[in-house]
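Visitor: My structure file query.csv, CSV, N, CA and C atoms, is below:
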```
chain,number,residue,atom,x,y,z
F,1,MET,N,119.9,135.5,139.3
F,1,MET,CA,119.9,135.3,137.8
F,1,MET,C,118.8,134.3,137.5
F,2,ASN,N,118.0,134.6,136.5
F,2,ASN,CA,117.0,133.7,136.0
F,2,ASN,C,117.3,133.4,134.5
F,3,LYS,N,117.0,132.1,134.2
F,3,LYS,CA,117.1,131.7,132.8
F,3,LYS,C,115.8,131.0,132.4
F,4,THR,N,115.2,131.4,131.3
F,4,THR,CA,114.0,130.8,130.8
F,4,THR,C,114.4,129.7,129.7
F,5,ILE,N,113.9,128.5,129.9
F,5,ILE,CA,114.1,127.5,128.9
F,5,ILE,C,112.8,126.9,128.5
F,6,GLU,N,112.7,126.8,127.2
F,6,GLU,CA,111.4,126.2,126.6
F,6,GLU,C,111.7,124.8,126.1
F,7,ILE,N,110.9,123.9,126.5
F,7,ILE,CA,111.0,122.5,126.0
F,7,ILE,C,110.0,122.4,124.9
F,8,GLN,N,110.4,122.1,123.7
F,8,GLN,CA,109.6,121.9,122.5
F,8,GLN,C,108.9,120.6,122.5
F,9,PRO,N,107.6,120.6,122.0
F,9,PRO,CA,106.9,119.3,121.9
F,9,PRO,C,107.6,118.4,120.8
F,10,ALA,N,107.5,117.1,120.9
F,10,ALA,CA,108.0,116.2,119.9
F,10,ALA,C,107.3,116.4,118.6
F,11,LEU,N,108.1,116.2,117.5
F,11,LEU,CA,107.5,116.2,116.2
F,11,LEU,C,106.5,115.0,116.1
F,12,GLN,N,105.4,115.3,115.4
F,12,GLN,CA,104.4,114.2,115.2
F,12,GLN,C,105.0,113.2,114.2
F,13,PRO,N,104.8,111.9,114.4
F,13,PRO,CA,105.3,110.9,113.4
F,13,PRO,C,104.7,111.2,112.1
F,14,ASP,N,105.5,111.1,111.0
F,14,ASP,CA,105.0,111.3,109.7
F,14,ASP,C,105.8,110.5,108.7
F,15,PHE,N,105.3,110.2,107.6
F,15,PHE,CA,106.0,109.4,106.6
F,15,PHE,C,105.5,109.7,105.2
F,16,THR,N,106.3,109.3,104.2
F,16,THR,CA,105.8,109.4,102.8
F,16,THR,C,105.7,107.9,102.3
F,17,ALA,N,104.8,107.7,101.4
F,17,ALA,CA,104.6,106.4,100.8
F,17,ALA,C,104.6,106.5,99.3
F,18,VAL,N,105.4,105.7,98.6
F,18,VAL,CA,105.4,105.8,97.2
F,18,VAL,C,105.4,104.4,96.6
F,19,ALA,N,104.5,104.1,95.6
F,19,ALA,CA,104.5,102.9,94.9
F,19,ALA,C,105.7,102.8,94.0
F,20,THR,N,106.7,102.0,94.4
F,20,THR,CA,107.9,102.0,93.6
F,20,THR,C,107.9,100.9,92.5
F,21,THR,N,107.0,99.9,92.7
F,21,THR,CA,106.9,98.9,91.7
F,21,THR,C,105.4,98.6,91.5
F,22,ASN,N,104.9,98.7,90.3
F,22,ASN,CA,103.5,98.3,90.0
F,22,ASN,C,103.5,96.9,89.5
F,23,ASP,N,102.3,96.3,89.5
F,23,ASP,CA,102.2,94.9,89.0
F,23,ASP,C,102.5,94.9,87.5
F,24,ILE,N,103.2,93.9,87.0
F,24,ILE,CA,103.6,93.8,85.7
F,24,ILE,C,102.6,93.1,84.8
F,25,CYS,N,102.0,92.0,85.3
F,25,CYS,CA,101.0,91.3,84.6
F,25,CYS,C,99.7,91.2,85.5
F,26,ASN,N,98.6,91.2,84.8
F,26,ASN,CA,97.3,91.1,85.5
F,26,ASN,C,97.3,89.9,86.4
F,27,GLY,N,96.9,90.1,87.6
F,27,GLY,CA,96.8,89.0,88.6
F,27,GLY,C,98.1,88.7,89.4
F,28,ASP,N,99.2,89.4,89.0
F,28,ASP,CA,100.4,89.2,89.7
F,28,ASP,C,100.4,90.0,91.1
F,29,ALA,N,101.2,89.6,92.0
F,29,ALA,CA,101.4,90.4,93.2
F,29,ALA,C,102.8,90.8,93.4
F,30,THR,N,103.2,91.7,92.5
F,30,THR,CA,104.6,92.2,92.5
F,30,THR,C,104.7,93.7,92.9
F,31,GLY,N,103.7,94.3,93.4
F,31,GLY,CA,103.7,95.7,93.8
F,31,GLY,C,104.5,95.9,95.0
F,32,VAL,N,105.1,97.1,95.1
F,32,VAL,CA,105.9,97.5,96.3
F,32,VAL,C,105.5,98.9,96.7
F,33,ILE,N,105.3,99.1,98.0
F,33,ILE,CA,105.1,100.5,98.5
F,33,ILE,C,106.3,100.7,99.4
F,34,GLN,N,107.1,101.8,99.1
F,34,GLN,CA,108.2,102.1,99.8
F,34,GLN,C,107.9,103.3,100.8
F,35,LEU,N,108.3,103.2,102.1
F,35,LEU,CA,108.0,104.1,103.1
F,35,LEU,C,109.2,104.9,103.6
F,36,THR,N,109.1,106.2,103.8
F,36,THR,CA,110.2,107.0,104.3
F,36,THR,C,109.7,107.8,105.5
F,37,ALA,N,110.2,107.5,106.7
F,37,ALA,CA,109.7,108.1,107.9
F,37,ALA,C,110.4,109.5,108.1
F,38,THR,N,109.7,110.4,108.7
F,38,THR,CA,110.3,111.7,109.2
F,38,THR,C,110.9,111.4,110.5
F,39,ASP,N,112.2,111.6,110.7
F,39,ASP,CA,112.8,111.3,112.0
F,39,ASP,C,112.3,112.3,113.1
F,40,ASN,N,111.6,111.7,114.0
F,40,ASN,CA,111.1,112.5,115.1
F,40,ASN,C,111.8,112.1,116.4
F,41,GLY,N,112.9,111.3,116.3
F,41,GLY,CA,113.6,110.8,117.5
F,41,GLY,C,113.0,109.5,118.1
F,42,ILE,N,111.9,109.0,117.5
F,42,ILE,CA,111.2,107.8,118.0
F,42,ILE,C,111.1,106.8,116.9
F,43,LEU,N,112.2,106.5,116.2
F,43,LEU,CA,112.2,105.5,115.2
F,43,LEU,C,112.6,104.2,115.7
F,44,PRO,N,112.1,103.1,115.2
F,44,PRO,CA,111.4,103.0,113.9
F,44,PRO,C,109.9,103.2,114.2
F,45,LEU,N,109.2,103.7,113.2
F,45,LEU,CA,107.7,103.8,113.3
F,45,LEU,C,107.1,102.4,112.9
F,46,SER,N,105.9,102.2,113.3
F,46,SER,CA,105.2,101.0,112.9
F,46,SER,C,104.1,101.4,111.9
F,47,TYR,N,103.9,100.5,110.9
F,47,TYR,CA,103.0,100.8,109.8
F,47,TYR,C,102.0,99.7,109.7
F,48,THR,N,100.8,100.0,109.3
F,48,THR,CA,99.8,99.0,108.9
F,48,THR,C,99.3,99.3,107.5
F,49,ILE,N,98.8,98.3,106.8
F,49,ILE,CA,98.3,98.5,105.5
F,49,ILE,C,96.9,97.9,105.4
F,50,ASN,N,96.0,98.6,104.7
F,50,ASN,CA,94.6,98.2,104.6
F,50,ASN,C,94.2,98.4,103.1
F,51,PRO,N,93.7,97.4,102.5
F,51,PRO,CA,93.6,96.0,102.9
F,51,PRO,C,95.0,95.4,103.0
F,52,ASP,N,95.1,94.3,103.8
F,52,ASP,CA,96.3,93.6,104.1
F,52,ASP,C,96.3,92.3,103.3
F,53,PRO,N,96.7,92.2,102.0
F,53,PRO,CA,96.5,91.0,101.3
F,53,PRO,C,97.5,89.9,101.7
F,54,ASN,N,98.6,90.2,102.4
F,54,ASN,CA,99.6,89.2,102.7
F,54,ASN,C,99.5,88.8,104.2
F,55,GLY,N,98.5,89.4,105.0
F,55,GLY,CA,98.4,89.1,106.4
F,55,GLY,C,99.6,89.4,107.2
F,56,VAL,N,100.3,90.5,106.9
F,56,VAL,CA,101.5,90.8,107.6
F,56,VAL,C,101.2,91.6,108.9
F,57,GLY,N,100.0,92.2,109.0
F,57,GLY,CA,99.7,93.0,110.2
F,57,GLY,C,100.5,94.3,110.2
F,58,THR,N,101.3,94.5,111.3
F,58,THR,CA,102.1,95.7,111.4
F,58,THR,C,103.5,95.4,111.1
F,59,ILE,N,104.2,96.4,110.4
F,59,ILE,CA,105.6,96.2,110.1
F,59,ILE,C,106.4,97.4,110.7
F,60,THR,N,107.7,97.2,110.9
F,60,THR,CA,108.6,98.3,111.3
F,60,THR,C,109.7,98.5,110.3
F,61,THR,N,109.6,97.8,109.2
F,61,THR,CA,110.5,97.9,108.1
F,61,THR,C,110.0,99.0,107.2
F,62,ASN,N,110.7,99.3,106.0
F,62,ASN,CA,110.4,100.4,105.2
F,62,ASN,C,109.6,100.1,103.9
F,63,SER,N,109.0,98.9,103.8
F,63,SER,CA,108.3,98.6,102.6
F,63,SER,C,107.3,97.5,102.8
F,64,PHE,N,106.2,97.6,102.0
F,64,PHE,CA,105.2,96.5,101.9
F,64,PHE,C,105.5,95.9,100.5
F,65,THR,N,105.6,94.6,100.4
F,65,THR,CA,106.0,94.0,99.1
F,65,THR,C,105.0,92.9,98.7
F,66,ASN,N,105.1,92.4,97.5
F,66,ASN,CA,104.2,91.4,97.0
F,66,ASN,C,102.8,91.8,97.0
F,67,LEU,N,102.5,93.0,96.6
F,67,LEU,CA,101.1,93.5,96.7
F,67,LEU,C,100.5,93.4,95.3
F,68,PRO,N,99.2,92.9,95.3
F,68,PRO,CA,98.5,92.9,94.0
F,68,PRO,C,97.9,94.3,93.8
F,69,ALA,N,97.5,94.5,92.5
F,69,ALA,CA,97.0,95.8,92.2
F,69,ALA,C,95.8,96.1,93.0
F,70,ASN,N,95.7,97.3,93.6
F,70,ASN,CA,94.7,97.7,94.5
F,70,ASN,C,94.9,99.2,95.0
F,71,THR,N,94.0,99.7,95.7
F,71,THR,CA,94.3,101.0,96.4
F,71,THR,C,94.4,100.7,97.9
F,72,TYR,N,95.5,101.2,98.5
F,72,TYR,CA,95.9,100.8,99.9
F,72,TYR,C,95.9,102.1,100.7
F,73,THR,N,95.6,101.9,102.0
F,73,THR,CA,95.7,103.0,103.0
F,73,THR,C,96.8,102.5,104.0
F,74,ILE,N,97.8,103.4,104.2
F,74,ILE,CA,98.9,103.1,105.1
F,74,ILE,C,98.7,104.0,106.3
F,75,THR,N,98.8,103.4,107.5
F,75,THR,CA,98.7,104.3,108.7
F,75,THR,C,99.9,103.9,109.7
```
Could you write out this file's structure as structure tokens?
Guide:
Amino acid sequence: MNKTIEIQPALQPDFTAVATTNDICNGDATGVIQLTATDNGILPLSYTINPDPNGVGTITTNSFTNLPANTYTIT
């Protein structure tokens, strides 16, 4: 008797990013980007932001906070 079993590749890490709070006043740093990871069995994911105005480097939590108005790239 033979049985064929296929092992599937892991899902690629993925996430969505949404600006949930914009700056209220010019010059404030009150912006928030909320992250939601796709569960690929390897959580938590690590995220970096560029530019990094707060010098936080890499995070494993689900949000970047205290952001001034700008355009950011999350990886």
Visitor: Could you check which of F:Asp28, F:Glu6, F:Asp14, F:Asp23 is closest to F:Ser46, using only C-alpha atoms?
Guide: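 Using only C-alpha atoms, F:Ser46 sits closest to F:Asp14.
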Visitor: Would you please extract all strand (DSSP E or B) residues from chain F, as assigned by DSSP on the backbone, and give them as a PDB file with N, CA and C atoms, in the frame of the given file?
Guide:
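File written: result-v4.pdb
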```pdb
ATOM      1  N   PHE F  15     105.300 110.200 107.600  1.00  0.00           N
ATOM      2  CA  PHE F  15     106.000 109.400 106.600  1.00  0.00           C
ATOM      3  C   PHE F  15     105.500 109.700 105.200  1.00  0.00           C
ATOM      4  N   THR F  16     106.300 109.300 104.200  1.00  0.00           N
ATOM      5  CA  THR F  16     105.800 109.400 102.800  1.00  0.00           C
ATOM      6  C   THR F  16     105.700 107.900 102.300  1.00  0.00           C
ATOM      7  N   ALA F  17     104.800 107.700 101.400  1.00  0.00           N
ATOM      8  CA  ALA F  17     104.600 106.400 100.800  1.00  0.00           C
ATOM      9  C   ALA F  17     104.600 106.500  99.300  1.00  0.00           C
ATOM     10  N   VAL F  18     105.400 105.700  98.600  1.00  0.00           N
ATOM     11  CA  VAL F  18     105.400 105.800  97.200  1.00  0.00           C
ATOM     12  C   VAL F  18     105.400 104.400  96.600  1.00  0.00           C
ATOM     13  N   ALA F  19     104.500 104.100  95.600  1.00  0.00           N
ATOM     14  CA  ALA F  19     104.500 102.900  94.900  1.00  0.00           C
ATOM     15  C   ALA F  19     105.700 102.800  94.000  1.00  0.00           C
ATOM     16  N   THR F  20     106.700 102.000  94.400  1.00  0.00           N
ATOM     17  CA  THR F  20     107.900 102.000  93.600  1.00  0.00           C
ATOM     18  C   THR F  20     107.900 100.900  92.500  1.00  0.00           C
ATOM     19  N   THR F  21     107.000  99.900  92.700  1.00  0.00           N
ATOM     20  CA  THR F  21     106.900  98.900  91.700  1.00  0.00           C
ATOM     21  C   THR F  21     105.400  98.600  91.500  1.00  0.00           C
ATOM     22  N   GLY F  31     103.700  94.300  93.400  1.00  0.00           N
ATOM     23  CA  GLY F  31     103.700  95.700  93.800  1.00  0.00           C
ATOM     24  C   GLY F  31     104.500  95.900  95.000  1.00  0.00           C
ATOM     25  N   VAL F  32     105.100  97.100  95.100  1.00  0.00           N
ATOM     26  CA  VAL F  32     105.900  97.500  96.300  1.00  0.00           C
ATOM     27  C   VAL F  32     105.500  98.900  96.700  1.00  0.00           C
ATOM     28  N   ILE F  33     105.300  99.100  98.000  1.00  0.00           N
ATOM     29  CA  ILE F  33     105.100 100.500  98.500  1.00  0.00           C
ATOM     30  C   ILE F  33     106.300 100.700  99.400  1.00  0.00           C
ATOM     31  N   GLN F  34     107.100 101.800  99.100  1.00  0.00           N
ATOM     32  CA  GLN F  34     108.200 102.100  99.800  1.00  0.00           C
ATOM     33  C   GLN F  34     107.900 103.300 100.800  1.00  0.00           C
ATOM     34  N   LEU F  35     108.300 103.200 102.100  1.00  0.00           N
ATOM     35  CA  LEU F  35     108.000 104.100 103.100  1.00  0.00           C
ATOM     36  C   LEU F  35     109.200 104.900 103.600  1.00  0.00           C
ATOM     37  N   THR F  36     109.100 106.200 103.800  1.00  0.00           N
ATOM     38  CA  THR F  36     110.200 107.000 104.300  1.00  0.00           C
ATOM     39  C   THR F  36     109.700 107.800 105.500  1.00  0.00           C
ATOM     40  N   ALA F  37     110.200 107.500 106.700  1.00  0.00           N
ATOM     41  CA  ALA F  37     109.700 108.100 107.900  1.00  0.00           C
ATOM     42  C   ALA F  37     110.400 109.500 108.100  1.00  0.00           C
ATOM     43  N   TYR F  47     103.900 100.500 110.900  1.00  0.00           N
ATOM     44  CA  TYR F  47     103.000 100.800 109.800  1.00  0.00           C
ATOM     45  C   TYR F  47     102.000  99.700 109.700  1.00  0.00           C
ATOM     46  N   THR F  48     100.800 100.000 109.300  1.00  0.00           N
ATOM     47  CA  THR F  48      99.800  99.000 108.900  1.00  0.00           C
ATOM     48  C   THR F  48      99.300  99.300 107.500  1.00  0.00           C
ATOM     49  N   ILE F  49      98.800  98.300 106.800  1.00  0.00           N
ATOM     50  CA  ILE F  49      98.300  98.500 105.500  1.00  0.00           C
ATOM     51  C   ILE F  49      96.900  97.900 105.400  1.00  0.00           C
ATOM     52  N   ASN F  50      96.000  98.600 104.700  1.00  0.00           N
ATOM     53  CA  ASN F  50      94.600  98.200 104.600  1.00  0.00           C
ATOM     54  C   ASN F  50      94.200  98.400 103.100  1.00  0.00           C
ATOM     55  N   THR F  58     101.300  94.500 111.300  1.00  0.00           N
ATOM     56  CA  THR F  58     102.100  95.700 111.400  1.00  0.00           C
ATOM     57  C   THR F  58     103.500  95.400 111.100  1.00  0.00           C
ATOM     58  N   ILE F  59     104.200  96.400 110.400  1.00  0.00           N
ATOM     59  CA  ILE F  59     105.600  96.200 110.100  1.00  0.00           C
ATOM     60  C   ILE F  59     106.400  97.400 110.700  1.00  0.00           C
ATOM     61  N   SER F  63     109.000  98.900 103.800  1.00  0.00           N
ATOM     62  CA  SER F  63     108.300  98.600 102.600  1.00  0.00           C
ATOM     63  C   SER F  63     107.300  97.500 102.800  1.00  0.00           C
ATOM     64  N   PHE F  64     106.200  97.600 102.000  1.00  0.00           N
ATOM     65  CA  PHE F  64     105.200  96.500 101.900  1.00  0.00           C
ATOM     66  C   PHE F  64     105.500  95.900 100.500  1.00  0.00           C
ATOM     67  N   THR F  65     105.600  94.600 100.400  1.00  0.00           N
ATOM     68  CA  THR F  65     106.000  94.000  99.100  1.00  0.00           C
ATOM     69  C   THR F  65     105.000  92.900  98.700  1.00  0.00           C
ATOM     70  N   ASN F  66     105.100  92.400  97.500  1.00  0.00           N
ATOM     71  CA  ASN F  66     104.200  91.400  97.000  1.00  0.00           C
ATOM     72  C   ASN F  66     102.800  91.800  97.000  1.00  0.00           C
ATOM     73  N   LEU F  67     102.500  93.000  96.600  1.00  0.00           N
ATOM     74  CA  LEU F  67     101.100  93.500  96.700  1.00  0.00           C
ATOM     75  C   LEU F  67     100.500  93.400  95.300  1.00  0.00           C
ATOM     76  N   THR F  73      95.600 101.900 102.000  1.00  0.00           N
ATOM     77  CA  THR F  73      95.700 103.000 103.000  1.00  0.00           C
ATOM     78  C   THR F  73      96.800 102.500 104.000  1.00  0.00           C
ATOM     79  N   ILE F  74      97.800 103.400 104.200  1.00  0.00           N
ATOM     80  CA  ILE F  74      98.900 103.100 105.100  1.00  0.00           C
ATOM     81  C   ILE F  74      98.700 104.000 106.300  1.00  0.00           C
TER      82      ILE F  74
END
```
Visitor: So how far away is atom CA of F:Cys25 from atom CA of F:Gly57, in Å?
Guide: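 Value for the atom CA of F:Gly57-atom CA of F:Cys25 distance: 25.7 Å.
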Visitor: At a cut-off of 6 Å around the point (100.3, 96.4, 97.4) (file coordinates), what residues fall inside when counting only C-alpha atoms? I'd like the answer as a list in words.
Guide: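 Those within range, by chain then number, are Gly31, Val32, Leu67 and Pro68 of chain F.
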Visitor: Have a look at atom N of F:Gln12 and atom N of F:Tyr72 and let me know their distance in Å, one decimal.
Guide: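 Separation between atom N of F:Gln12 and atom N of F:Tyr72: 24.1 Å.
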Visitor: Can you tell me which residues surround F:Pro13 at a distance of at most 8 Å, considering all atoms listed in the file, apart from same-chain residues fewer than 4 positions away, and format the answer as a list in words?
Guide: Ala37, Thr38, Asp39, Asn40, Ile42 and Leu45 of chain F
Visitor: For F:Thr48, which residue out of F:Gln34, F:Asn62, F:Asn2, F:Thr73 is the nearest one, using only N, CA and C atoms?
Guide: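 Smallest separation from F:Thr48 among the options: F:Thr73.
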Visitor: Mind pulling up the distance from atom C of F:Pro51 to atom C of F:Asn66?
Guide: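 Result for atom C of F:Asn66 versus atom C of F:Pro51: 10.5 Å, one decimal.
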Visitor: Taking the point (99.7, 104.7, 105.2) as given in the file, collect each protein or nucleic acid residue that comes within 8 Å of it, counting all atoms listed in the file, and present the set as a list in words.
Guide: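 Every polymer residue passing the test: Phe15, Thr16, Ala17, Tyr47, Thr48, Ile49, Asn50, Tyr72, Thr73, Ile74 and Thr75 of chain F.
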Visitor: Identify which of the residues F:Thr60, F:Gln8, F:Thr65, F:Asn22 lies closest to F:Thr36, counting only C-alpha atoms when measuring atom-to-atom distances.
Guide: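 Ranked by minimum distance to F:Thr36, first place goes to F:Thr60.
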Visitor: Out of F:Ala69, F:Ile33, F:Thr61, F:Gly55, which residue has the shortest atom-to-atom distance to F:Ala19 when counting all atoms listed in the file?
Guide: F:Ile33
Visitor: Find, counting only C-alpha atoms, the residue in F:Leu35, F:Asn70, F:Leu43, F:Asn54 that gets nearest to F:Val18.
Guide: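 The shortest atom-to-atom distance to F:Val18 comes from F:Leu35.
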Visitor: Looking at all atoms listed in the file, which of F:Asp52, F:Ala29, F:Gly41, F:Ile59 is the one that sits closest to F:Ala10?
Guide: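 Using all atoms listed in the file, F:Ala10 sits closest to F:Gly41.
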